[in-house]
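What's in coords.txt: compact mmCIF, C-alpha atoms
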# COMPACT_ATOMS: atom_id res chain seq x y z
CA MET A 1 -13.45 -75.60 13.62
CA ARG A 2 -14.25 -74.82 10.01
CA THR A 3 -12.53 -72.15 7.97
CA GLY A 4 -14.60 -71.02 5.00
CA LYS A 5 -13.48 -70.07 1.53
CA LEU A 6 -13.90 -66.38 0.78
CA LEU A 7 -12.95 -64.38 -2.26
CA VAL A 8 -10.71 -61.62 -0.93
CA ALA A 9 -8.09 -59.22 -2.25
CA ALA A 10 -5.70 -56.50 -1.24
CA VAL A 11 -6.73 -53.15 0.13
CA LEU A 12 -5.63 -49.92 -1.46
CA THR A 13 -4.29 -47.50 1.14
CA VAL A 14 -3.34 -47.02 4.77
CA SER A 15 -3.68 -44.08 7.13
CA ALA A 16 -2.80 -43.34 10.73
CA LEU A 17 -5.56 -44.06 13.21
CA THR A 18 -5.69 -41.82 16.25
CA VAL A 19 -6.81 -43.71 19.35
CA PRO A 20 -7.99 -41.85 22.45
CA GLY A 21 -5.39 -42.23 25.20
CA ALA A 22 -2.68 -43.44 22.85
CA SER A 23 0.70 -41.84 23.47
CA THR A 24 2.13 -42.67 20.07
CA THR A 25 0.97 -43.10 16.52
CA ILE A 26 2.57 -45.93 14.60
CA THR A 27 2.77 -45.49 10.84
CA GLU A 28 3.60 -47.98 8.12
CA GLN A 29 4.81 -50.58 10.61
CA ALA A 30 4.39 -54.26 9.83
CA HIS A 31 2.01 -56.00 12.20
CA THR A 32 3.41 -58.82 14.29
CA GLY A 33 0.17 -60.79 14.22
CA ARG A 34 -0.19 -60.66 18.00
CA ILE A 35 -3.63 -59.50 19.09
CA ASP A 36 -2.22 -58.12 22.37
CA ARG A 37 0.13 -55.69 20.58
CA PRO A 38 -2.01 -52.69 19.67
CA GLN A 39 -1.69 -51.08 16.26
CA TYR A 40 -2.60 -47.41 15.94
CA GLU A 41 -3.08 -47.28 12.19
CA PHE A 42 -5.38 -48.80 9.63
CA ALA A 43 -4.36 -52.13 8.15
CA PRO A 44 -1.48 -51.95 5.66
CA ALA A 45 -2.10 -51.91 1.94
CA ASP A 46 -1.09 -55.54 1.46
CA THR A 47 -3.72 -56.92 3.87
CA VAL A 48 -5.67 -59.73 2.19
CA LEU A 49 -8.52 -61.58 3.88
CA ARG A 50 -7.79 -65.27 3.71
CA PRO A 51 -8.71 -68.39 5.66
CA GLY A 52 -6.01 -69.66 7.99
CA ALA A 53 -5.18 -71.34 11.26
CA PRO A 54 -5.20 -69.28 14.47
CA GLY A 55 -1.56 -70.12 15.10
CA GLU A 56 -0.55 -68.32 11.91
CA VAL A 57 -1.43 -65.02 13.58
CA GLY A 58 -0.31 -65.92 17.09
CA LEU A 59 -3.68 -67.04 18.45
CA ASP A 60 -4.53 -70.00 20.67
CA PRO A 61 -7.32 -71.99 18.98
CA ALA A 62 -8.82 -73.24 22.27
CA PRO A 63 -10.97 -70.16 23.10
CA LEU A 64 -12.21 -70.03 19.51
CA LEU A 65 -13.22 -73.68 19.59
CA ALA A 66 -14.94 -73.12 22.94
CA ALA A 67 -16.91 -70.22 21.49
CA GLU A 68 -17.92 -72.33 18.50
CA GLN A 69 -19.14 -75.07 20.86
CA PHE A 70 -21.05 -72.45 22.85
CA LEU A 71 -22.95 -71.41 19.72
CA SER A 72 -23.66 -75.02 18.83
CA ASP A 73 -25.02 -75.69 22.32
CA TRP A 74 -27.23 -72.60 22.23
CA ALA A 75 -28.85 -73.82 19.01
CA LYS A 76 -29.99 -76.94 20.87
CA PRO A 77 -33.01 -77.10 23.21
CA ASP A 78 -32.20 -75.84 26.69
CA PRO A 79 -33.05 -78.31 29.48
CA VAL A 80 -34.89 -75.63 31.47
CA SER A 81 -36.87 -73.77 28.79
CA GLY A 82 -37.25 -76.67 26.37
CA HIS A 83 -36.24 -74.52 23.41
CA PRO A 84 -32.92 -73.24 22.01
CA HIS A 85 -31.69 -69.69 22.57
CA PHE A 86 -31.69 -69.22 18.80
CA SER A 87 -32.72 -71.39 15.90
CA GLY A 88 -29.43 -71.07 14.06
CA ALA A 89 -26.26 -69.03 13.69
CA ALA A 90 -23.40 -68.26 11.35
CA GLY A 91 -20.25 -66.57 12.54
CA ILE A 92 -16.82 -65.38 11.44
CA LEU A 93 -13.81 -64.35 13.51
CA ALA A 94 -10.82 -62.67 11.87
CA HIS A 95 -7.53 -61.18 13.00
CA ASP A 96 -4.83 -59.43 11.01
CA GLY A 97 -6.46 -60.31 7.70
CA VAL A 98 -6.88 -64.01 8.54
CA ILE A 99 -10.26 -65.66 9.02
CA VAL A 100 -9.40 -67.88 11.97
CA GLU A 101 -12.88 -69.25 12.65
CA GLU A 102 -16.01 -69.71 10.59
CA THR A 103 -18.99 -71.66 11.83
CA ALA A 104 -22.60 -72.47 10.97
CA THR A 105 -25.01 -74.27 13.27
CA GLY A 106 -28.72 -74.89 13.80
CA GLY A 107 -31.63 -74.14 11.52
CA ALA A 108 -32.31 -71.36 9.03
CA LEU A 109 -35.89 -72.66 8.78
CA ARG A 110 -36.92 -74.83 11.69
CA TYR A 111 -40.38 -73.99 13.06
CA ALA A 112 -43.93 -73.98 11.77
CA ASP A 113 -45.60 -71.60 14.20
CA ALA A 114 -45.05 -69.18 17.09
CA ALA A 115 -45.51 -71.97 19.64
CA GLY A 116 -42.31 -73.64 18.46
CA ALA A 117 -43.70 -76.69 16.68
CA GLU A 118 -40.86 -77.99 14.56
CA LEU A 119 -41.31 -78.66 10.87
CA PRO A 120 -40.79 -82.22 9.62
CA PRO A 121 -37.06 -82.86 9.18
CA ASP A 122 -37.32 -82.91 5.39
CA GLN A 123 -38.81 -79.40 5.42
CA GLN A 124 -36.21 -77.86 7.70
CA VAL A 125 -33.26 -75.91 6.27
CA PRO A 126 -29.91 -75.88 8.10
CA VAL A 127 -27.77 -72.79 8.46
CA ARG A 128 -24.80 -72.77 6.10
CA ALA A 129 -21.85 -70.41 5.83
CA ASP A 130 -23.67 -68.56 3.04
CA THR A 131 -27.09 -68.34 4.72
CA ILE A 132 -28.64 -64.90 4.27
CA PHE A 133 -29.88 -63.21 7.45
CA ASP A 134 -32.07 -60.20 8.10
CA LEU A 135 -29.54 -57.78 9.65
CA ALA A 136 -32.18 -55.56 11.28
CA SER A 137 -30.49 -52.48 12.79
CA ILE A 138 -27.07 -53.22 11.31
CA THR A 139 -28.77 -51.54 8.34
CA LYS A 140 -28.08 -48.28 10.22
CA VAL A 141 -24.36 -48.73 9.51
CA PHE A 142 -25.00 -48.86 5.76
CA THR A 143 -27.20 -45.77 5.89
CA SER A 144 -24.51 -43.94 7.86
CA LEU A 145 -21.88 -44.90 5.29
CA ALA A 146 -24.12 -43.48 2.55
CA VAL A 147 -24.52 -40.24 4.52
CA MET A 148 -20.77 -39.92 5.00
CA GLN A 149 -20.20 -40.45 1.29
CA LEU A 150 -22.43 -37.42 0.68
CA VAL A 151 -20.41 -35.50 3.28
CA GLU A 152 -17.24 -36.35 1.34
CA ASP A 153 -18.95 -35.21 -1.85
CA GLY A 154 -19.59 -31.82 -0.23
CA LYS A 155 -23.35 -32.27 -0.55
CA VAL A 156 -24.09 -32.66 3.18
CA ALA A 157 -22.56 -30.94 6.21
CA LEU A 158 -22.74 -32.72 9.56
CA ASP A 159 -23.54 -29.65 11.63
CA ARG A 160 -26.13 -28.12 9.36
CA PRO A 161 -29.82 -28.55 10.21
CA VAL A 162 -31.49 -31.55 8.64
CA ALA A 163 -34.26 -29.18 7.54
CA ASP A 164 -31.80 -27.53 5.14
CA TYR A 165 -31.98 -30.75 3.11
CA LEU A 166 -35.47 -31.93 4.07
CA PRO A 167 -37.54 -28.78 4.71
CA GLU A 168 -40.56 -30.82 5.79
CA PHE A 169 -38.51 -32.24 8.69
CA ALA A 170 -38.72 -28.84 10.42
CA ALA A 171 -42.29 -29.67 11.53
CA ASN A 172 -42.95 -29.73 15.27
CA GLY A 173 -39.96 -27.68 16.37
CA LYS A 174 -37.15 -29.65 14.70
CA GLN A 175 -35.65 -26.73 12.76
CA GLN A 176 -32.26 -26.92 14.50
CA VAL A 177 -31.71 -30.70 14.69
CA THR A 178 -28.46 -31.46 12.86
CA VAL A 179 -27.28 -34.36 10.73
CA ARG A 180 -24.65 -35.18 13.36
CA GLN A 181 -27.33 -35.41 16.08
CA LEU A 182 -29.25 -37.96 14.01
CA LEU A 183 -26.08 -40.03 13.53
CA THR A 184 -25.24 -39.97 17.25
CA HIS A 185 -28.81 -40.42 18.55
CA THR A 186 -28.79 -37.08 20.36
CA SER A 187 -31.52 -35.47 18.25
CA GLY A 188 -34.21 -35.51 20.93
CA LEU A 189 -36.50 -37.70 18.83
CA ALA A 190 -38.43 -40.65 20.24
CA ALA A 191 -37.28 -44.24 19.81
CA ASP A 192 -39.78 -45.09 17.08
CA PRO A 193 -42.98 -43.80 15.46
CA ARG A 194 -46.21 -43.95 17.44
CA PRO A 195 -48.53 -45.38 16.30
CA SER A 196 -46.53 -47.95 14.36
CA LEU A 197 -46.41 -47.14 10.68
CA TRP A 198 -48.13 -50.34 9.61
CA GLU A 199 -51.18 -49.80 11.80
CA GLY A 200 -51.64 -46.05 11.78
CA TYR A 201 -51.36 -44.96 8.14
CA PRO A 202 -52.90 -46.13 4.85
CA ASP A 203 -49.94 -45.97 2.44
CA ILE A 204 -46.21 -45.39 2.10
CA PRO A 205 -46.40 -41.62 1.41
CA SER A 206 -48.44 -41.07 4.59
CA ARG A 207 -46.01 -43.24 6.57
CA ARG A 208 -43.00 -41.30 5.33
CA LYS A 209 -44.76 -38.06 6.26
CA ALA A 210 -45.45 -39.43 9.74
CA VAL A 211 -41.74 -40.07 10.26
CA LEU A 212 -40.78 -36.57 9.16
CA ASP A 213 -43.57 -35.05 11.30
CA SER A 214 -42.34 -36.83 14.44
CA PRO A 215 -42.16 -34.42 17.42
CA LEU A 216 -39.25 -34.01 19.77
CA THR A 217 -39.33 -35.64 23.20
CA ASN A 218 -36.15 -33.89 24.44
CA GLU A 219 -34.23 -30.75 23.59
CA PRO A 220 -31.75 -31.58 20.80
CA GLY A 221 -28.25 -32.30 22.08
CA THR A 222 -29.26 -32.78 25.72
CA THR A 223 -30.00 -36.51 25.84
CA TYR A 224 -28.94 -39.79 24.27
CA LEU A 225 -31.89 -41.87 23.09
CA TYR A 226 -31.44 -44.63 20.53
CA SER A 227 -33.98 -43.87 17.83
CA ASP A 228 -35.08 -45.62 14.66
CA ILE A 229 -36.58 -42.31 13.57
CA ASN A 230 -33.08 -40.82 13.35
CA LEU A 231 -31.96 -43.30 10.72
CA MET A 232 -35.29 -43.39 8.91
CA THR A 233 -34.86 -39.65 8.47
CA LEU A 234 -31.28 -40.03 7.28
CA GLY A 235 -32.46 -42.59 4.73
CA PHE A 236 -34.88 -40.02 3.36
CA LEU A 237 -32.10 -37.41 3.34
CA VAL A 238 -29.84 -39.71 1.30
CA GLU A 239 -32.64 -40.25 -1.19
CA ARG A 240 -33.33 -36.52 -1.51
CA ILE A 241 -29.70 -35.52 -2.03
CA ALA A 242 -28.70 -38.49 -4.20
CA GLY A 243 -31.87 -38.40 -6.25
CA GLN A 244 -32.25 -42.18 -6.01
CA PRO A 245 -33.96 -44.67 -3.66
CA LEU A 246 -31.88 -45.70 -0.65
CA ASP A 247 -31.52 -49.30 -1.79
CA VAL A 248 -30.11 -48.16 -5.13
CA VAL A 249 -27.63 -45.80 -3.43
CA VAL A 250 -26.42 -48.54 -1.06
CA ARG A 251 -26.11 -51.00 -3.93
CA ASP A 252 -24.31 -48.68 -6.34
CA ARG A 253 -21.99 -46.96 -3.87
CA ILE A 254 -21.30 -49.63 -1.23
CA THR A 255 -22.23 -53.24 -1.83
CA LEU A 256 -21.59 -53.49 -5.58
CA PRO A 257 -18.14 -51.85 -5.48
CA LEU A 258 -17.16 -54.09 -2.55
CA GLY A 259 -18.44 -57.25 -4.24
CA MET A 260 -21.02 -57.92 -1.52
CA THR A 261 -23.32 -59.83 -3.87
CA ASP A 262 -25.61 -61.26 -1.17
CA THR A 263 -26.22 -57.94 0.58
CA THR A 264 -29.45 -56.21 -0.39
CA PHE A 265 -32.81 -54.87 0.63
CA ASN A 266 -35.75 -57.06 -0.46
CA PRO A 267 -33.71 -60.12 -1.54
CA PRO A 268 -34.77 -61.73 -4.81
CA ALA A 269 -37.04 -64.78 -4.90
CA GLU A 270 -34.31 -67.01 -6.33
CA LYS A 271 -32.37 -66.72 -3.05
CA LEU A 272 -35.27 -67.80 -0.83
CA GLY A 273 -33.74 -71.20 -0.14
CA ARG A 274 -30.72 -69.55 1.48
CA ILE A 275 -32.63 -67.04 3.63
CA ALA A 276 -33.08 -67.59 7.35
CA ALA A 277 -36.66 -67.33 8.58
CA THR A 278 -37.49 -64.90 11.37
CA GLU A 279 -40.70 -64.57 13.35
CA PHE A 280 -44.18 -66.02 13.02
CA GLN A 281 -46.23 -62.82 13.22
CA ALA A 282 -49.94 -62.69 13.98
CA ASP A 283 -50.12 -58.91 14.46
CA PRO A 284 -49.66 -57.82 11.73
CA PRO A 285 -50.92 -61.10 10.23
CA ARG A 286 -47.85 -62.01 8.19
CA GLY A 287 -47.38 -65.65 9.20
CA MET A 288 -43.84 -67.01 9.15
CA VAL A 289 -41.67 -64.15 7.90
CA ARG A 290 -38.97 -65.21 5.49
CA SER A 291 -37.26 -63.10 2.81
CA GLN A 292 -39.28 -60.02 3.89
CA VAL A 293 -37.86 -57.65 6.47
CA HIS A 294 -38.84 -58.59 10.02
CA ASP A 295 -39.10 -55.00 11.32
CA GLU A 296 -42.72 -53.95 10.98
CA ASN A 297 -42.01 -50.29 10.30
CA ALA A 298 -39.47 -51.10 7.58
CA TRP A 299 -41.98 -53.57 6.11
CA ALA A 300 -44.61 -50.81 6.09
CA LEU A 301 -42.18 -48.65 4.09
CA GLY A 302 -41.85 -51.32 1.40
CA GLY A 303 -38.86 -53.12 2.89
CA VAL A 304 -36.43 -50.23 2.40
CA SER A 305 -35.66 -47.94 5.31
CA GLY A 306 -32.64 -46.26 6.84
CA HIS A 307 -33.04 -48.15 10.11
CA ALA A 308 -33.72 -51.73 8.98
CA GLY A 309 -34.21 -53.88 5.90
CA ILE A 310 -30.81 -55.08 4.69
CA PHE A 311 -30.12 -58.81 4.35
CA SER A 312 -26.60 -60.21 4.18
CA THR A 313 -24.28 -63.14 4.90
CA ALA A 314 -21.37 -63.48 7.29
CA PRO A 315 -18.84 -63.58 4.39
CA ASP A 316 -20.25 -60.37 2.91
CA LEU A 317 -20.13 -58.60 6.26
CA ALA A 318 -16.53 -59.76 6.64
CA VAL A 319 -15.73 -57.72 3.55
CA LEU A 320 -17.37 -54.66 5.06
CA ALA A 321 -15.54 -55.14 8.36
CA GLN A 322 -12.18 -55.42 6.62
CA THR A 323 -13.02 -52.34 4.57
CA ILE A 324 -13.34 -50.38 7.82
CA LEU A 325 -10.09 -51.84 9.15
CA ASN A 326 -8.45 -50.84 5.87
CA GLY A 327 -9.57 -47.24 6.24
CA GLY A 328 -12.40 -47.40 3.71
CA ALA A 329 -10.90 -49.46 0.88
CA TYR A 330 -11.15 -53.04 -0.29
CA ARG A 331 -10.11 -54.78 -3.47
CA ASP A 332 -10.44 -52.26 -6.32
CA ALA A 333 -12.86 -50.01 -4.46
CA ARG A 334 -12.60 -47.12 -2.05
CA ILE A 335 -15.95 -46.24 -0.51
CA LEU A 336 -14.65 -43.69 2.02
CA ARG A 337 -11.45 -41.78 2.69
CA PRO A 338 -9.40 -42.85 5.74
CA GLU A 339 -10.07 -39.58 7.54
CA THR A 340 -13.80 -40.14 7.14
CA VAL A 341 -13.57 -43.62 8.63
CA ARG A 342 -11.52 -42.18 11.49
CA ASP A 343 -14.27 -39.61 12.07
CA MET A 344 -16.89 -42.36 12.16
CA LEU A 345 -14.92 -44.10 14.92
CA THR A 346 -14.63 -40.97 17.09
CA ASP A 347 -16.82 -40.75 20.19
CA TYR A 348 -19.08 -37.69 19.95
CA ASN A 349 -21.14 -38.68 23.00
CA GLN A 350 -18.65 -38.15 25.80
CA ALA A 351 -21.30 -36.06 27.55
CA PHE A 352 -23.40 -39.23 27.87
CA PRO A 353 -21.29 -41.88 29.65
CA GLY A 354 -22.08 -45.43 28.60
CA HIS A 355 -23.46 -44.31 25.25
CA ALA A 356 -20.26 -43.85 23.27
CA HIS A 357 -21.17 -43.31 19.65
CA GLY A 358 -19.38 -42.38 16.48
CA LEU A 359 -21.07 -41.36 13.26
CA GLY A 360 -23.40 -44.32 12.82
CA PHE A 361 -21.27 -46.80 14.77
CA GLU A 362 -21.74 -47.70 18.40
CA LEU A 363 -18.44 -47.66 20.30
CA ASP A 364 -17.07 -49.54 23.31
CA GLN A 365 -20.21 -51.53 24.17
CA ARG A 366 -19.00 -54.44 26.27
CA PHE A 367 -22.37 -56.17 26.48
CA TYR A 368 -21.86 -57.53 22.97
CA MET A 369 -18.26 -56.57 22.12
CA GLY A 370 -16.96 -58.43 25.17
CA ALA A 371 -13.24 -58.34 25.77
CA LEU A 372 -12.69 -56.76 22.33
CA SER A 373 -14.37 -53.62 23.63
CA ALA A 374 -12.18 -50.48 23.62
CA PRO A 375 -12.69 -46.76 22.94
CA THR A 376 -12.47 -47.22 19.17
CA THR A 377 -14.10 -50.66 18.92
CA ALA A 378 -17.02 -50.08 16.58
CA GLY A 379 -20.11 -52.12 15.88
CA HIS A 380 -23.83 -52.56 15.92
CA THR A 381 -26.44 -55.15 16.79
CA GLY A 382 -29.74 -56.07 15.20
CA PHE A 383 -33.00 -57.09 16.88
CA THR A 384 -33.22 -60.29 14.84
CA GLY A 385 -30.07 -61.53 16.62
CA THR A 386 -27.16 -60.10 14.66
CA SER A 387 -23.96 -58.35 15.71
CA LEU A 388 -20.93 -56.78 14.08
CA VAL A 389 -17.80 -55.92 16.10
CA ILE A 390 -14.76 -54.22 14.51
CA ASP A 391 -11.65 -53.51 16.59
CA PRO A 392 -9.07 -51.40 14.72
CA VAL A 393 -6.50 -51.52 17.51
CA SER A 394 -6.19 -55.31 17.29
CA ARG A 395 -7.15 -55.43 13.60
CA SER A 396 -9.85 -57.94 14.40
CA PHE A 397 -13.54 -58.40 13.82
CA ALA A 398 -16.29 -60.68 15.04
CA ILE A 399 -19.50 -61.29 13.11
CA LEU A 400 -22.40 -63.25 14.56
CA LEU A 401 -25.65 -63.67 12.65
CA THR A 402 -28.56 -65.52 14.24
CA ASN A 403 -32.30 -65.73 13.69
CA ARG A 404 -33.07 -65.57 17.40
CA VAL A 405 -36.63 -64.33 16.69
CA HIS A 406 -37.48 -67.58 14.85
CA PRO A 407 -40.20 -68.45 15.63
CA THR A 408 -40.81 -65.83 18.36
CA ARG A 409 -39.06 -62.82 19.91
CA ASP A 410 -40.06 -64.06 23.36
CA TRP A 411 -37.35 -66.67 23.85
CA GLY A 412 -34.94 -64.19 25.40
CA SER A 413 -31.69 -62.32 24.87
CA ILE A 414 -28.66 -63.73 23.07
CA ASN A 415 -26.24 -61.13 24.43
CA PRO A 416 -24.17 -63.79 26.24
CA ALA A 417 -23.55 -65.49 22.88
CA ARG A 418 -22.59 -62.19 21.25
CA GLU A 419 -20.18 -61.44 24.08
CA LYS A 420 -18.72 -64.95 24.12
CA TRP A 421 -18.10 -64.93 20.36
CA ALA A 422 -16.30 -61.56 20.37
CA SER A 423 -14.38 -62.22 23.59
CA SER A 424 -12.92 -65.44 22.26
CA LEU A 425 -10.61 -63.45 20.00
CA ALA A 426 -9.19 -61.49 22.92
CA GLU A 427 -8.91 -64.63 25.02
CA ALA A 428 -6.98 -66.35 22.23
CA ARG A 429 -4.06 -63.90 22.41

Is it possible to give me this structure as structure tokens?
Amino acid sequence: MRTGKLLVAAVLTVSALTVPGASTTITEQAHTGRIDRPQYEFAPADTVLRPGAPGEVGLDPAPLLAAEQFLSDWAKPDPVSGHPHFSGAAGILAHDGVIVEETATGGALRYADAAGAELPPDQQVPVRADTIFDLASITKVFTSLAVMQLVEDGKVALDRPVADYLPEFAANGKQQVTVRQLLTHTSGLAADPRPSLWEGYPDIPSRRKAVLDSPLTNEPGTTYLYSDINLMTLGFLVERIAGQPLDVVVRDRITLPLGMTDTTFNPPAEKLGRIAATEFQADPPRGMVRSQVHDENAWALGGVSGHAGIFSTAPDLAVLAQTILNGGAYRDARILRPETVRDMLTDYNQAFPGHAHGLGFELDQRFYMGALSAPTTAGHTGFTGTSLVIDPVSRSFAILLTNRVHPTRDWGSINPAREKWASSLAEAR
């Protein structure tokens, strides 16, 4: 087990967290450190992320070590398939402000082509604790945070039609789709644009127009359907209201205040050596994708989109996770008020069992949250092989970043690894 060195500091405020089914609300009570003693408030103001031993916060190290070994094994060739489940992985587990496990295994750059031919050893790049991964759909969390900042500013209202802010969005019968419906994937929009933006349109303006012109496939509010178009649209809304590109808004209002220096759209060339490669793509003919966003539609939009495009490290995401546990504050920055964070962790999809969803966050999804899953457990996954799990009730989080699409997306699901990594915290109680 390796515990990494992170620069962390105290949070600013604390607020009561209302948990569905909870009979009491605990306020300003010191946490015992036990993961099996639920806490119904955000972390106290003196919480400081720091590396430490599991025993310091009442955890058994054995399940954590077993989960680390599981990840290491999955980065090795499988006897049946002949290839690993993922090329490489970096992960962090934390409880009660203590990083109890940090691991890095496998290769950030390992393969030469889609067939899985390995590069010569001297050309391969191992995963390190500070390896930068393409987060894929975890980008949706950042876009949602930016939207909620505008809600706090009084510039956006959740239940107003999106067309009030983006009049062109009203095309094809979408006049009454609300901001909240985009955030909860109940808008009635399709999963993604058809045809794909990179193959159907000549330039970025025509691709943006295609997104906003997308027709409904269901009556708004009647169906849950996870949709990239929802968050693409919200990215455009943020840009329209803020008067700045989405990447600038996310940088200036989220990542820069929080000190997340390795979190960005379109990472700079000087960080190439730390970036995990993703897929070898022949269609579109991009070759081995590294440092450019893997998602083809985000790539077609110049690498910046509300649904995909952000790159980050496990330590940077740890800061974001603790910010949520702290009710929206970290170090010298407050990016959201506690009541806004609470709203983001409220299930607005109770009419659609199995699809619990807050405002931008997925909730209670056991297939990757594992035994940490609960009504207010929030998170998201990314197609490239990433996952973020934040459990306010146990004041814990699990971050797993892999490049499972390197060199191909056809090597299968890594959900068992996601579940194993998150569950190890609950099993360590």

Between A:Phe70, A:Phe352, A:Asp283, A:Ile204, smallest distance to Thr222 in chain A by only C-alpha atoms belongs to A:Phe352

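Near Met344 in chain A, within 8 Å and counting only C-alpha atoms, sit Thr340, Gly358, Leu359, Gly360 and Phe361 of chain A, not including residues fewer than 4 positions from it in the same chain.
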
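We find CA of His294 in chain A and CA of Thr278 in chain A to be spaced 6.6 Å apart.
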
**OP:** Please tell me which residues are no farther than 12 Å from (-14.6, -52.2, 3.9) in the file, counting only C-alpha atoms, and write them as number ranges by chain.
**Re:** A: 8-13, 42-43, 47-49, 141-142, 145, 253-260, 316-338, 341, 390, 397

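Shortest separation to Pro61 in chain A among A:Glu219, A:Glu419, A:Asp347, A:Glu101 occurs at residue A:Glu101, atoms counted being all atoms listed in the file.
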
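For the residues A:Phe383, A:Tyr111, A:Trp421, A:Phe169, ranking by smallest atom-to-atom distance to Ile229 in chain A using all atoms listed in the file places A:Phe169 first.
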
Pairwise distance, CA of Gly106 in chain A with CA of Ile275 in chain A, equals 13.4 Å

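Pairwise distance (CA of His185 in chain A, CA of Leu158 in chain A) equals 13.3 Å.
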
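Proximity to Pro416 in chain A was assessed for A:Ala157, A:Leu400, A:Ala112, A:Val238 counting all atoms listed in the file; the smallest distance is recorded for A:Leu400.
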
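Of the listed residues (A:Pro375, A:Gly287, A:Pro167, A:Gly273), A:Pro167 comes nearest to Leu237 in chain A; the distances count only C-alpha atoms.
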
Judged by all atoms listed in the file, the minimum distance to Phe86 in chain A among A:Leu59, A:Ala422, A:Leu109, A:Val98 is found for A:Leu109

- Message: Show me the residues close to (-10.4, -66.6, 24.8) - anything with an atom within 9 Å, counting all atoms listed in the file - and format the list as a ChimeraX atom specification.
- Response: /A:60-64,66-67,371,420,422-429
